[in-house]
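Asker: Next up is a structure, given as structure tokens.
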Amino acid sequence: MPTTSTPSAASAPSAAATASAPLMAVTGTTLVLAAAPARQQHPARAARPTRAARPARAPGPYRRLFALPGTRGFTTGNLIARLPMGMFGISAVMMIAGQRGSYALAGGVVAAGLAATAVVAPWTARLVDRHGQARVAVPATLVAVLGSLSLVACVRTEAPAWTLFASYAATATTPNIGGMSRARWTHLLKGDPAAHHTAMSFEQAADELAFMLGPVVAAFLCTTVFPEAGTLAGAALLLTGMLVFTAHRATEPPAAAPVRGRSPLRALGRLLPLFFVLGTMFGSLEITSVAHLGGHGLGALSGPVIALQAAGSCLAGLLYGTLRPRGLPACLAVLAAAMALPWAAAATGSVPALAAALLAAGMATAPVMVTAMSRIHAVIPPGRLNEGMTLAVTAIFAGIAAGSATAGSAIDRWGTTAPYALPAAAALLALLVGASQAVTRTR
């Protein structure tokens with residue numbers, strides 16, 4: 001029987017050598033080379049996850065969007081130039097009424113300016129599409145800024161009333177900065193519908209932010225600095241933002257050759273009524289809310305309450321950009337239900353309930369506008385996209401004017417609660433229009 005001996009300490013392999021060297025094992029009559037055991041680590045160090053083992057965190061949709069070269073630059077100019085869009089109207093009213101003592105004159109001047117914009121803006125947009133954003137937008141902005149400066153000078157020098165109308169009409173050459181920015185995103189994100197949806201949602205949120213903050217900034221400047229401060233600040237912001245926006249030429253879509261086929265006006269024939277009805281909803285809701293809150297004695301505090309609608313739309317727009325887009329009829333159905341909330345809240349006489357209802361109504365607005373604007377991309381040739389979007393905005397402004405006038409007459413006749421039925425009815429009509437268009441497309 002073979003004897004077994006224990007190796008001495010001198011002849012035994014070291015622990016380090018044993019840990020690193022392969023092991024040999026005998027299986028039957030075969031010598032097998034086994035894998036070396038893993039190096040032992042301290043328990044605390046082994047339990048700690050290494051940095052390389054941690055999964056990389058995927059960037060969010062907006063972070064990926066603004067990682068594209070040049071997007072942060074032109075967006076900065078876009079936001080600066082967008083703020084005056086919510087400033088000019090109220091600044092002109094406060095300046096003219098304060099200096100001339102007539103709200104009728106102030107309202108007439110602003111209404112004439114909106115009418116001029118409805119005529120001039122589509123032509124300006126067509127020139128932008130045809131010759132490029134920088135070549136047309138900068139000169140057009142200079143004309144608009146000179147119109148604003150002329151308005152200030154005419155008000156200060158007590159010039160004849162017709163000069164006020166002429167000066168404010170000159171501001172109609174203001175380029176549609178929102179349309180130009182959307183055209184840039186469309187150019188940059190070809191073939192990426194998910195990123196394009198996120199970009200359109202961001203643009204809608206930027207619209208709401210401008211129309212939420214613009215009147216607040218304008219009213220503050222006109223009341224605390226001097227009556228002309230709102231108009232002057234708006235003109236300076238518009239020019240500065242447009243220069244920053246157009247300076248980023250790498251993201252500018254190329255000038256389009258003349259496009260044959262249906263004009264944007266004919267291509268949008270079925271969508272323009274929808275935008276007009278939505279504008280009617282916006283106009284009637286705002287005027288009714290101003291009158292209703294004024295009747296409750298809020299006065300200047302009514303502004304922040306009304307701003308909740310724009311705030312809700314801004315937040316919902318950013319959130320909607322991270323979600324899968326929905327169909328237009330579904331978004332319109334949610335909007336129709338939400339627009340009934342202010343009517344119900346006003347009937348209770350509770351201002352906090354009305355504030356919550358306006359916030360909810362605003363949150364239902366953003367998905368509708370994002371989805372409706374996306375429909376424009378589907379029916380308008382890329383070479384005339386800015387013109388098509390300007391036509392849609394013009395239809396919205398026309399609807400706002402009609403809704404404001406209708407709500408004003410209803411308030412004089414029935415008080416400040418019943419007219420909340422107007423935006424609810426407009427939202428329901430928008431649902432019917434959108435549903436009929438969806439049925440027509442499927443045939």
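Ordered as shown in the structure tokens, chains take letters A, B, and onward, while each chain numbers its residues from 1 and ligands are numbered from 1 in the order shown.
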Please provide as a list of chain:residue names all residues within 8 Å of range 217-223 of chain A, with the sequence filter that same-chain residues fewer than 4 positions apart are discarded (counting only C-alpha atoms).
Answerer: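 Close residues of range 217-223 of chain A: A:Met87, A:Phe88, A:Ile90, A:Ser91, A:Met94, A:Met95, A:Leu213, A:Pro227, A:Glu228, A:Ala229, A:Gly230, A:Thr231.
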Asker: Each residue of range 176-255 of chain A with at least one atom at most 9 Å from range 322-328 of chain A should appear once, together with its nearest atom pair and the corresponding distance in Å (one decimal); atoms considered: only C-alpha atoms; ordering: chain, then increasing residue number; output as a tab-separated table.
Answerer:
```
residue	atom	partner	partner_atom	distance
A:Ala194	CA	A:Arg324	CA	7.9
A:His197	CA	A:Pro325	CA	7.2
A:Thr198	CA	A:Thr322	CA	6.4
A:Ser201	CA	A:Thr322	CA	8.7
```
Asker: Could you please take those selected residues and save N, CA and C atoms as a compact mmCIF listing (two decimals), in the first residue's frame?
Answerer:
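This is the output file selection_15.txt:
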```
# COMPACT_ATOMS: atom_id res chain seq x y z
N ALA A 194 -40.45 60.65 -34.05
CA ALA A 194 -40.55 60.79 -32.60
C ALA A 194 -39.89 62.09 -32.13
N HIS A 197 -41.99 65.07 -33.14
CA HIS A 197 -43.12 65.26 -32.22
C HIS A 197 -42.68 66.00 -30.95
N THR A 198 -41.51 65.63 -30.43
CA THR A 198 -40.99 66.31 -29.25
C THR A 198 -40.72 67.78 -29.55
N SER A 201 -43.93 69.76 -29.75
CA SER A 201 -44.47 69.96 -28.41
C SER A 201 -43.73 71.09 -27.69
```
Asker: At what distance in Å, to one decimal, does CA of Leu83 in chain A lie from CA of Arg135 in chain A?
Answerer: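 Atom-to-atom, CA of Arg135 in chain A to CA of Leu83 in chain A, that is 22.2 Å.
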Asker: Considering only C-alpha atoms, tabulate each residue of range 328-390 of chain A that lies at most 12 Å from range 169-176 of chain A along with its nearest interatomic pair and the corresponding distance in Å to one decimal; arrange the rows by chain and ascending residue number and present them as JSON lines.
Answerer:
```
{"residue": "A:Leu385", "atom": "CA", "partner": "A:Asn176", "partner_atom": "CA", "distance": 11.5}
{"residue": "A:Asn386", "atom": "CA", "partner": "A:Asn176", "partner_atom": "CA", "distance": 7.9}
{"residue": "A:Glu387", "atom": "CA", "partner": "A:Asn176", "partner_atom": "CA", "distance": 9.1}
{"residue": "A:Gly388", "atom": "CA", "partner": "A:Asn176", "partner_atom": "CA", "distance": 10.9}
{"residue": "A:Met389", "atom": "CA", "partner": "A:Asn176", "partner_atom": "CA", "distance": 8.5}
{"residue": "A:Thr390", "atom": "CA", "partner": "A:Asn176", "partner_atom": "CA", "distance": 6.5}
```
Asker: Could you write out the selected residues, including N, CA and C atoms, as a short mmCIF file (atom, residue, chain, number, x, y, z; two decimals), in the first residue's frame?
Answerer:
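File written: selection.cif
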```cif
data_model
loop_
_atom_site.label_atom_id
_atom_site.label_comp_id
_atom_site.auth_asym_id
_atom_site.auth_seq_id
_atom_site.Cartn_x
_atom_site.Cartn_y
_atom_site.Cartn_z
N LEU A 385 -43.75 75.53 -46.05
CA LEU A 385 -44.20 75.19 -44.70
C LEU A 385 -44.46 76.43 -43.86
N ASN A 386 -43.55 77.41 -43.93
CA ASN A 386 -43.73 78.61 -43.11
C ASN A 386 -44.99 79.36 -43.52
N GLU A 387 -45.27 79.39 -44.80
CA GLU A 387 -46.49 80.05 -45.27
C GLU A 387 -47.73 79.33 -44.75
N GLY A 388 -47.71 78.00 -44.77
CA GLY A 388 -48.84 77.24 -44.28
C GLY A 388 -49.09 77.46 -42.80
N MET A 389 -48.02 77.49 -42.01
CA MET A 389 -48.19 77.72 -40.58
C MET A 389 -48.69 79.13 -40.30
N THR A 390 -48.24 80.09 -41.08
CA THR A 390 -48.70 81.46 -40.88
C THR A 390 -50.19 81.58 -41.20
#
```
Asker: Skip Cys314 in chain A itself and residues of its chain fewer than 5 positions away, then list as a PyMOL selection string all residues within 12 Å of it, counting only C-alpha atoms.
Answerer: chain A and resi 201-213+307-309+319-321+359-367+369-370
Asker: Measure the distance from CA of Arg156 in chain A to CA of Arg100 in chain A in Å and round it to one decimal.
Answerer: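 Going from CA of Arg156 in chain A over to CA of Arg100 in chain A, I get 9.5 Å.
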Asker: Taking only C-alpha atoms into account, which of A:Ala195, A:Ala250, A:Ala104, A:Ala115 comes nearest Leu65 in chain A?
Answerer: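 Under the stated criterion, the closest residue is A:Ala195.
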Asker: Determine, counting only C-alpha atoms, which protein, DNA and RNA residues have an atom within 9 Å of an atom of Arg270 in chain A; residues of the same chain fewer than 4 positions away are not included. Present the result as number ranges by chain.
Answerer: A: 266, 274, 433, 437
Asker: Save the residues we just selected, all heavy atoms, as a PDB file, in the first residue's frame?
Answerer:
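Output saved as again23.pdb:
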```pdb
ATOM      1  N   ARG A 266     -55.301  76.278 -50.329  1.00  0.00           N
ATOM      2  CA  ARG A 266     -56.180  75.188 -50.749  1.00  0.00           C
ATOM      3  C   ARG A 266     -55.847  73.898 -50.009  1.00  0.00           C
ATOM      4  O   ARG A 266     -56.747  73.126 -49.653  1.00  0.00           O
ATOM      5  CB  ARG A 266     -56.048  74.956 -52.250  1.00  0.00           C
ATOM      6  CG  ARG A 266     -56.558  76.095 -53.114  1.00  0.00           C
ATOM      7  CD  ARG A 266     -56.507  75.732 -54.572  1.00  0.00           C
ATOM      8  NE  ARG A 266     -57.320  74.544 -54.850  1.00  0.00           N
ATOM      9  CZ  ARG A 266     -57.347  73.906 -56.015  1.00  0.00           C
ATOM     10  NH1 ARG A 266     -56.573  74.321 -57.013  1.00  0.00           N
ATOM     11  NH2 ARG A 266     -58.112  72.852 -56.186  1.00  0.00           N
ATOM     12  N   LEU A 274     -60.978  74.480 -38.602  1.00  0.00           N
ATOM     13  CA  LEU A 274     -60.682  73.973 -37.259  1.00  0.00           C
ATOM     14  C   LEU A 274     -59.887  75.000 -36.459  1.00  0.00           C
ATOM     15  O   LEU A 274     -60.189  75.263 -35.287  1.00  0.00           O
ATOM     16  CB  LEU A 274     -59.909  72.662 -37.361  1.00  0.00           C
ATOM     17  CG  LEU A 274     -59.422  72.069 -36.030  1.00  0.00           C
ATOM     18  CD1 LEU A 274     -60.602  71.729 -35.133  1.00  0.00           C
ATOM     19  CD2 LEU A 274     -58.557  70.833 -36.279  1.00  0.00           C
ATOM     20  N   VAL A 433     -65.825  69.056 -36.175  1.00  0.00           N
ATOM     21  CA  VAL A 433     -65.057  69.369 -37.388  1.00  0.00           C
ATOM     22  C   VAL A 433     -63.897  68.388 -37.544  1.00  0.00           C
ATOM     23  O   VAL A 433     -63.652  67.847 -38.623  1.00  0.00           O
ATOM     24  CB  VAL A 433     -64.545  70.818 -37.344  1.00  0.00           C
ATOM     25  CG1 VAL A 433     -63.596  71.091 -38.502  1.00  0.00           C
ATOM     26  CG2 VAL A 433     -65.715  71.800 -37.383  1.00  0.00           C
ATOM     27  N   GLN A 437     -63.331  65.478 -40.506  1.00  0.00           N
ATOM     28  CA  GLN A 437     -62.131  65.425 -41.342  1.00  0.00           C
ATOM     29  C   GLN A 437     -61.483  64.051 -41.276  1.00  0.00           C
ATOM     30  O   GLN A 437     -60.984  63.538 -42.280  1.00  0.00           O
ATOM     31  CB  GLN A 437     -61.146  66.500 -40.887  1.00  0.00           C
ATOM     32  CG  GLN A 437     -61.619  67.919 -41.160  1.00  0.00           C
ATOM     33  CD  GLN A 437     -60.680  68.944 -40.589  1.00  0.00           C
ATOM     34  OE1 GLN A 437     -59.672  68.621 -39.950  1.00  0.00           O
ATOM     35  NE2 GLN A 437     -60.995  70.211 -40.797  1.00  0.00           N
TER      36      GLN A 437
END
```
Asker: List the neighbours of Val351 in chain A out to 12 Å using only C-alpha atoms; skip same-chain residues closer than 3 positions along the sequence, and give me the result as a PyMOL selection string.
Answerer: chain A and resi 289+292-298+301-302+305-306+342+344-348+354-358
Asker: Atoms to include: all heavy atoms. Write the selected residues as a short mmCIF file (atom, residue, chain, number, x, y, z; two decimals), in the first residue's frame.
Answerer:
```
data_model
loop_
_atom_site.label_atom_id
_atom_site.label_comp_id
_atom_site.auth_asym_id
_atom_site.auth_seq_id
_atom_site.Cartn_x
_atom_site.Cartn_y
_atom_site.Cartn_z
N SER A 289 -63.55 85.19 -18.89
CA SER A 289 -62.83 85.06 -17.63
C SER A 289 -62.46 86.43 -17.07
O SER A 289 -62.55 86.65 -15.84
CB SER A 289 -61.58 84.21 -17.82
OG SER A 289 -61.91 82.89 -18.22
N HIS A 292 -65.68 87.85 -15.67
CA HIS A 292 -66.17 87.11 -14.50
C HIS A 292 -65.32 87.40 -13.27
O HIS A 292 -65.85 87.66 -12.18
CB HIS A 292 -66.17 85.61 -14.80
CG HIS A 292 -66.81 84.77 -13.74
ND1 HIS A 292 -68.17 84.60 -13.63
CD2 HIS A 292 -66.26 84.07 -12.70
CE1 HIS A 292 -68.44 83.82 -12.60
NE2 HIS A 292 -67.30 83.49 -12.02
N LEU A 293 -64.01 87.38 -13.42
CA LEU A 293 -63.13 87.65 -12.29
C LEU A 293 -63.21 89.11 -11.86
O LEU A 293 -63.10 89.42 -10.67
CB LEU A 293 -61.69 87.26 -12.64
CG LEU A 293 -61.46 85.76 -12.87
CD1 LEU A 293 -60.08 85.51 -13.44
CD2 LEU A 293 -61.65 84.99 -11.58
N GLY A 294 -63.39 90.00 -12.84
CA GLY A 294 -63.59 91.40 -12.49
C GLY A 294 -64.86 91.61 -11.70
O GLY A 294 -64.90 92.43 -10.77
N GLY A 295 -65.89 90.85 -12.03
CA GLY A 295 -67.12 90.94 -11.27
C GLY A 295 -66.98 90.46 -9.84
O GLY A 295 -67.77 90.84 -8.97
N HIS A 296 -65.98 89.63 -9.58
CA HIS A 296 -65.72 89.17 -8.22
C HIS A 296 -64.76 90.11 -7.48
O HIS A 296 -64.31 89.78 -6.37
CB HIS A 296 -65.13 87.76 -8.24
CG HIS A 296 -66.17 86.69 -8.42
ND1 HIS A 296 -66.81 86.48 -9.62
CD2 HIS A 296 -66.71 85.79 -7.55
CE1 HIS A 296 -67.68 85.47 -9.49
NE2 HIS A 296 -67.64 85.04 -8.25
N GLY A 297 -64.43 91.23 -8.10
CA GLY A 297 -63.60 92.23 -7.44
C GLY A 297 -62.13 91.92 -7.38
O GLY A 297 -61.41 92.51 -6.57
N LEU A 298 -61.64 91.03 -8.24
CA LEU A 298 -60.22 90.70 -8.19
C LEU A 298 -59.35 91.79 -8.81
O LEU A 298 -58.21 91.98 -8.41
CB LEU A 298 -59.96 89.36 -8.89
CG LEU A 298 -60.51 88.13 -8.19
CD1 LEU A 298 -60.07 86.89 -8.94
CD2 LEU A 298 -60.04 88.05 -6.76
N LEU A 301 -55.60 91.14 -9.83
CA LEU A 301 -55.30 89.74 -9.51
C LEU A 301 -55.94 88.76 -10.48
O LEU A 301 -55.65 87.56 -10.44
CB LEU A 301 -55.79 89.42 -8.09
CG LEU A 301 -55.07 90.15 -6.95
CD1 LEU A 301 -55.69 89.78 -5.62
CD2 LEU A 301 -53.58 89.81 -6.97
N SER A 302 -56.80 89.26 -11.37
CA SER A 302 -57.40 88.36 -12.35
C SER A 302 -56.38 87.87 -13.37
O SER A 302 -56.53 86.78 -13.94
CB SER A 302 -58.55 89.07 -13.07
OG SER A 302 -58.08 90.21 -13.78
N VAL A 305 -54.75 84.53 -12.42
CA VAL A 305 -55.72 83.43 -12.51
C VAL A 305 -55.90 83.03 -13.96
O VAL A 305 -55.91 81.83 -14.31
CB VAL A 305 -57.06 83.84 -11.87
CG1 VAL A 305 -58.09 82.73 -12.06
CG2 VAL A 305 -56.88 84.16 -10.40
N ILE A 306 -56.04 84.02 -14.85
CA ILE A 306 -56.21 83.72 -16.27
C ILE A 306 -54.94 83.08 -16.84
O ILE A 306 -55.01 82.22 -17.73
CB ILE A 306 -56.57 85.01 -17.04
CG1 ILE A 306 -57.92 85.54 -16.54
CG2 ILE A 306 -56.62 84.76 -18.54
CD1 ILE A 306 -58.29 86.88 -17.10
N PRO A 342 -64.77 75.10 -16.87
CA PRO A 342 -64.91 76.50 -16.43
C PRO A 342 -66.37 76.94 -16.31
O PRO A 342 -66.70 77.72 -15.40
CB PRO A 342 -64.17 77.29 -17.53
CG PRO A 342 -63.19 76.33 -18.09
CD PRO A 342 -63.88 75.00 -18.05
N ALA A 344 -68.93 75.04 -15.48
CA ALA A 344 -69.45 74.46 -14.25
C ALA A 344 -68.86 75.15 -13.02
O ALA A 344 -69.56 75.40 -12.03
CB ALA A 344 -69.16 72.97 -14.21
N ALA A 345 -67.57 75.48 -13.06
CA ALA A 345 -66.93 76.13 -11.92
C ALA A 345 -67.47 77.55 -11.71
O ALA A 345 -67.67 77.99 -10.58
CB ALA A 345 -65.42 76.17 -12.11
N ALA A 346 -67.70 78.27 -12.81
CA ALA A 346 -68.23 79.63 -12.69
C ALA A 346 -69.62 79.62 -12.08
O ALA A 346 -70.00 80.55 -11.34
CB ALA A 346 -68.26 80.30 -14.06
N ALA A 347 -70.39 78.59 -12.36
CA ALA A 347 -71.75 78.51 -11.81
C ALA A 347 -71.73 78.35 -10.29
O ALA A 347 -72.68 78.74 -9.61
CB ALA A 347 -72.50 77.35 -12.44
N THR A 348 -70.66 77.83 -9.74
CA THR A 348 -70.57 77.67 -8.29
C THR A 348 -70.19 78.97 -7.59
O THR A 348 -70.36 79.08 -6.37
CB THR A 348 -69.53 76.61 -7.92
OG1 THR A 348 -68.21 77.06 -8.30
CG2 THR A 348 -69.83 75.29 -8.62
N LEU A 354 -62.73 77.91 -10.24
CA LEU A 354 -62.54 78.41 -11.60
C LEU A 354 -61.06 78.37 -11.98
O LEU A 354 -60.71 78.02 -13.12
CB LEU A 354 -63.08 79.83 -11.72
CG LEU A 354 -62.92 80.49 -13.09
CD1 LEU A 354 -63.65 79.69 -14.16
CD2 LEU A 354 -63.43 81.93 -13.06
N ALA A 355 -60.18 78.72 -11.05
CA ALA A 355 -58.74 78.67 -11.33
C ALA A 355 -58.31 77.24 -11.69
O ALA A 355 -57.56 77.03 -12.64
CB ALA A 355 -57.96 79.19 -10.13
N ALA A 356 -58.79 76.26 -10.92
CA ALA A 356 -58.45 74.86 -11.21
C ALA A 356 -59.03 74.43 -12.55
O ALA A 356 -58.38 73.68 -13.31
CB ALA A 356 -58.97 73.96 -10.10
N ALA A 357 -60.23 74.90 -12.87
CA ALA A 357 -60.85 74.53 -14.14
C ALA A 357 -60.09 75.14 -15.32
O ALA A 357 -59.91 74.49 -16.36
CB ALA A 357 -62.30 74.99 -14.17
N LEU A 358 -59.62 76.38 -15.17
CA LEU A 358 -58.83 77.00 -16.23
C LEU A 358 -57.50 76.27 -16.43
O LEU A 358 -57.03 76.11 -17.57
CB LEU A 358 -58.58 78.47 -15.91
CG LEU A 358 -59.80 79.40 -15.99
CD1 LEU A 358 -59.44 80.80 -15.51
CD2 LEU A 358 -60.36 79.45 -17.41
#
```
Asker: Write out as a PyMOL selection string each polymer residue whose atoms come within 12 Å of Lys190 in chain A, counting only C-alpha atoms; drop sequence neighbours fewer than 6 positions from it.
Answerer: chain A and resi 183-184+196-197+199+253+377+382
Asker: If you measure from CA of Ala311 in chain A to CA of Pro273 in chain A, what distance in Å do you get, rounded to one decimal?
Answerer: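 About the pair CA of Ala311 in chain A and CA of Pro273 in chain A: they are 25.8 Å apart.
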Asker: Could you pull the residues within 9 Å of Gly132 in chain A, counting only C-alpha atoms, minus those fewer than 3 positions along the same chain, as a list in words?
Answerer: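 Near Gly132 in chain A, the qualifying residues are Leu127, Val128, Asp129, Arg135, Val136, Ala137, Glu252, Pro253, Pro254, Ala255 and Ala256 of chain A.
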Asker: Name the residues of range 102-303 of chain A that come out as helix (DSSP H, G or I) in a backbone DSSP run; write them as a PyMOL selection string.
Answerer: chain A and resi 103-131+133-156+161-173+177-188+193-224+229-247+249-251+264-267+272-295+299-303
Asker: In range 23-222 of chain A, what's strand (DSSP E) per DSSP? Answer as a VMD selection string?
Answerer: chain A and resid 23 to 27 30 to 34
Asker: Generate the output file for the selected residues, all heavy atoms, as a PDB file, in the first residue's frame.
Answerer:
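Generated output (selection-v1.pdb):
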```
ATOM      1  N   LEU A  23      -4.884  24.886 -12.153  1.00  0.00           N
ATOM      2  CA  LEU A  23      -4.894  23.684 -11.334  1.00  0.00           C
ATOM      3  C   LEU A  23      -4.984  22.461 -12.221  1.00  0.00           C
ATOM      4  O   LEU A  23      -5.575  22.499 -13.301  1.00  0.00           O
ATOM      5  CB  LEU A  23      -6.078  23.716 -10.360  1.00  0.00           C
ATOM      6  CG  LEU A  23      -6.102  24.909  -9.388  1.00  0.00           C
ATOM      7  CD1 LEU A  23      -7.336  24.797  -8.497  1.00  0.00           C
ATOM      8  CD2 LEU A  23      -4.839  24.929  -8.552  1.00  0.00           C
ATOM      9  N   MET A  24      -4.389  21.368 -11.745  1.00  0.00           N
ATOM     10  CA  MET A  24      -4.445  20.098 -12.457  1.00  0.00           C
ATOM     11  C   MET A  24      -5.268  19.132 -11.624  1.00  0.00           C
ATOM     12  O   MET A  24      -5.077  19.007 -10.420  1.00  0.00           O
ATOM     13  CB  MET A  24      -3.043  19.543 -12.705  1.00  0.00           C
ATOM     14  CG  MET A  24      -2.251  20.342 -13.737  1.00  0.00           C
ATOM     15  SD  MET A  24      -0.608  19.662 -14.034  1.00  0.00           S
ATOM     16  CE  MET A  24       0.173  19.962 -12.473  1.00  0.00           C
ATOM     17  N   ALA A  25      -6.151  18.423 -12.267  1.00  0.00           N
ATOM     18  CA  ALA A  25      -6.983  17.440 -11.578  1.00  0.00           C
ATOM     19  C   ALA A  25      -6.955  16.143 -12.369  1.00  0.00           C
ATOM     20  O   ALA A  25      -6.840  16.152 -13.599  1.00  0.00           O
ATOM     21  CB  ALA A  25      -8.416  17.954 -11.439  1.00  0.00           C
ATOM     22  N   VAL A  26      -7.036  15.022 -11.661  1.00  0.00           N
ATOM     23  CA  VAL A  26      -7.009  13.705 -12.289  1.00  0.00           C
ATOM     24  C   VAL A  26      -8.413  13.153 -12.333  1.00  0.00           C
ATOM     25  O   VAL A  26      -9.090  13.081 -11.306  1.00  0.00           O
ATOM     26  CB  VAL A  26      -6.081  12.746 -11.521  1.00  0.00           C
ATOM     27  CG1 VAL A  26      -6.116  11.358 -12.150  1.00  0.00           C
ATOM     28  CG2 VAL A  26      -4.679  13.300 -11.507  1.00  0.00           C
ATOM     29  N   THR A  27      -8.880  12.832 -13.520  1.00  0.00           N
ATOM     30  CA  THR A  27     -10.183  12.201 -13.692  1.00  0.00           C
ATOM     31  C   THR A  27      -9.945  10.857 -14.365  1.00  0.00           C
ATOM     32  O   THR A  27      -9.639  10.798 -15.549  1.00  0.00           O
ATOM     33  CB  THR A  27     -11.095  13.071 -14.554  1.00  0.00           C
ATOM     34  OG1 THR A  27     -11.189  14.358 -13.934  1.00  0.00           O
ATOM     35  CG2 THR A  27     -12.472  12.464 -14.686  1.00  0.00           C
ATOM     36  N   THR A  30      -7.024  10.441 -16.882  1.00  0.00           N
ATOM     37  CA  THR A  30      -6.787  11.631 -17.709  1.00  0.00           C
ATOM     38  C   THR A  30      -6.410  12.797 -16.826  1.00  0.00           C
ATOM     39  O   THR A  30      -7.046  13.042 -15.800  1.00  0.00           O
ATOM     40  CB  THR A  30      -8.041  12.002 -18.513  1.00  0.00           C
ATOM     41  OG1 THR A  30      -8.444  10.872 -19.261  1.00  0.00           O
ATOM     42  CG2 THR A  30      -7.762  13.180 -19.438  1.00  0.00           C
ATOM     43  N   LEU A  31      -5.380  13.519 -17.224  1.00  0.00           N
ATOM     44  CA  LEU A  31      -4.951  14.724 -16.530  1.00  0.00           C
ATOM     45  C   LEU A  31      -5.663  15.908 -17.168  1.00  0.00           C
ATOM     46  O   LEU A  31      -5.499  16.175 -18.354  1.00  0.00           O
ATOM     47  CB  LEU A  31      -3.427  14.870 -16.635  1.00  0.00           C
ATOM     48  CG  LEU A  31      -2.813  16.045 -15.864  1.00  0.00           C
ATOM     49  CD1 LEU A  31      -3.010  15.862 -14.362  1.00  0.00           C
ATOM     50  CD2 LEU A  31      -1.319  16.179 -16.201  1.00  0.00           C
ATOM     51  N   VAL A  32      -6.443  16.613 -16.384  1.00  0.00           N
ATOM     52  CA  VAL A  32      -7.262  17.717 -16.884  1.00  0.00           C
ATOM     53  C   VAL A  32      -6.721  19.028 -16.351  1.00  0.00           C
ATOM     54  O   VAL A  32      -6.429  19.146 -15.162  1.00  0.00           O
ATOM     55  CB  VAL A  32      -8.746  17.558 -16.461  1.00  0.00           C
ATOM     56  CG1 VAL A  32      -9.577  18.711 -16.986  1.00  0.00           C
ATOM     57  CG2 VAL A  32      -9.269  16.229 -16.966  1.00  0.00           C
ATOM     58  N   LEU A  33      -6.597  20.051 -17.248  1.00  0.00           N
ATOM     59  CA  LEU A  33      -6.161  21.391 -16.845  1.00  0.00           C
ATOM     60  C   LEU A  33      -7.402  22.216 -16.542  1.00  0.00           C
ATOM     61  O   LEU A  33      -8.208  22.495 -17.424  1.00  0.00           O
ATOM     62  CB  LEU A  33      -5.359  22.044 -17.979  1.00  0.00           C
ATOM     63  CG  LEU A  33      -4.706  23.397 -17.640  1.00  0.00           C
ATOM     64  CD1 LEU A  33      -3.652  23.218 -16.554  1.00  0.00           C
ATOM     65  CD2 LEU A  33      -4.086  24.004 -18.905  1.00  0.00           C
ATOM     66  N   ALA A  34      -7.598  22.569 -15.292  1.00  0.00           N
ATOM     67  CA  ALA A  34      -8.791  23.302 -14.861  1.00  0.00           C
ATOM     68  C   ALA A  34      -8.508  24.789 -14.872  1.00  0.00           C
ATOM     69  O   ALA A  34      -7.361  25.230 -14.829  1.00  0.00           O
ATOM     70  CB  ALA A  34      -9.198  22.868 -13.458  1.00  0.00           C
TER      71      ALA A  34
END
```
Asker: Nearest residue to Gly317 in chain A out of A:Ala425, A:Ala402, A:Val368, A:Val225, using only C-alpha atoms?
Answerer: A:Val368
Asker: Which is closer to Ser148 in chain A than all the others in A:Leu232, A:Met180, A:Met85, A:Met200, using only C-alpha atoms?
Answerer: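 With only C-alpha atoms as the atom set, the closest residue is A:Leu232.
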Asker: I need the residue nearest Val119 in chain A from this list: A:Met339, A:Leu429, A:Ala144, A:Ala395. Use only C-alpha atoms for the distance.
Answerer: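 Using only C-alpha atoms, the shortest distance to Val119 in chain A belongs to A:Ala395.
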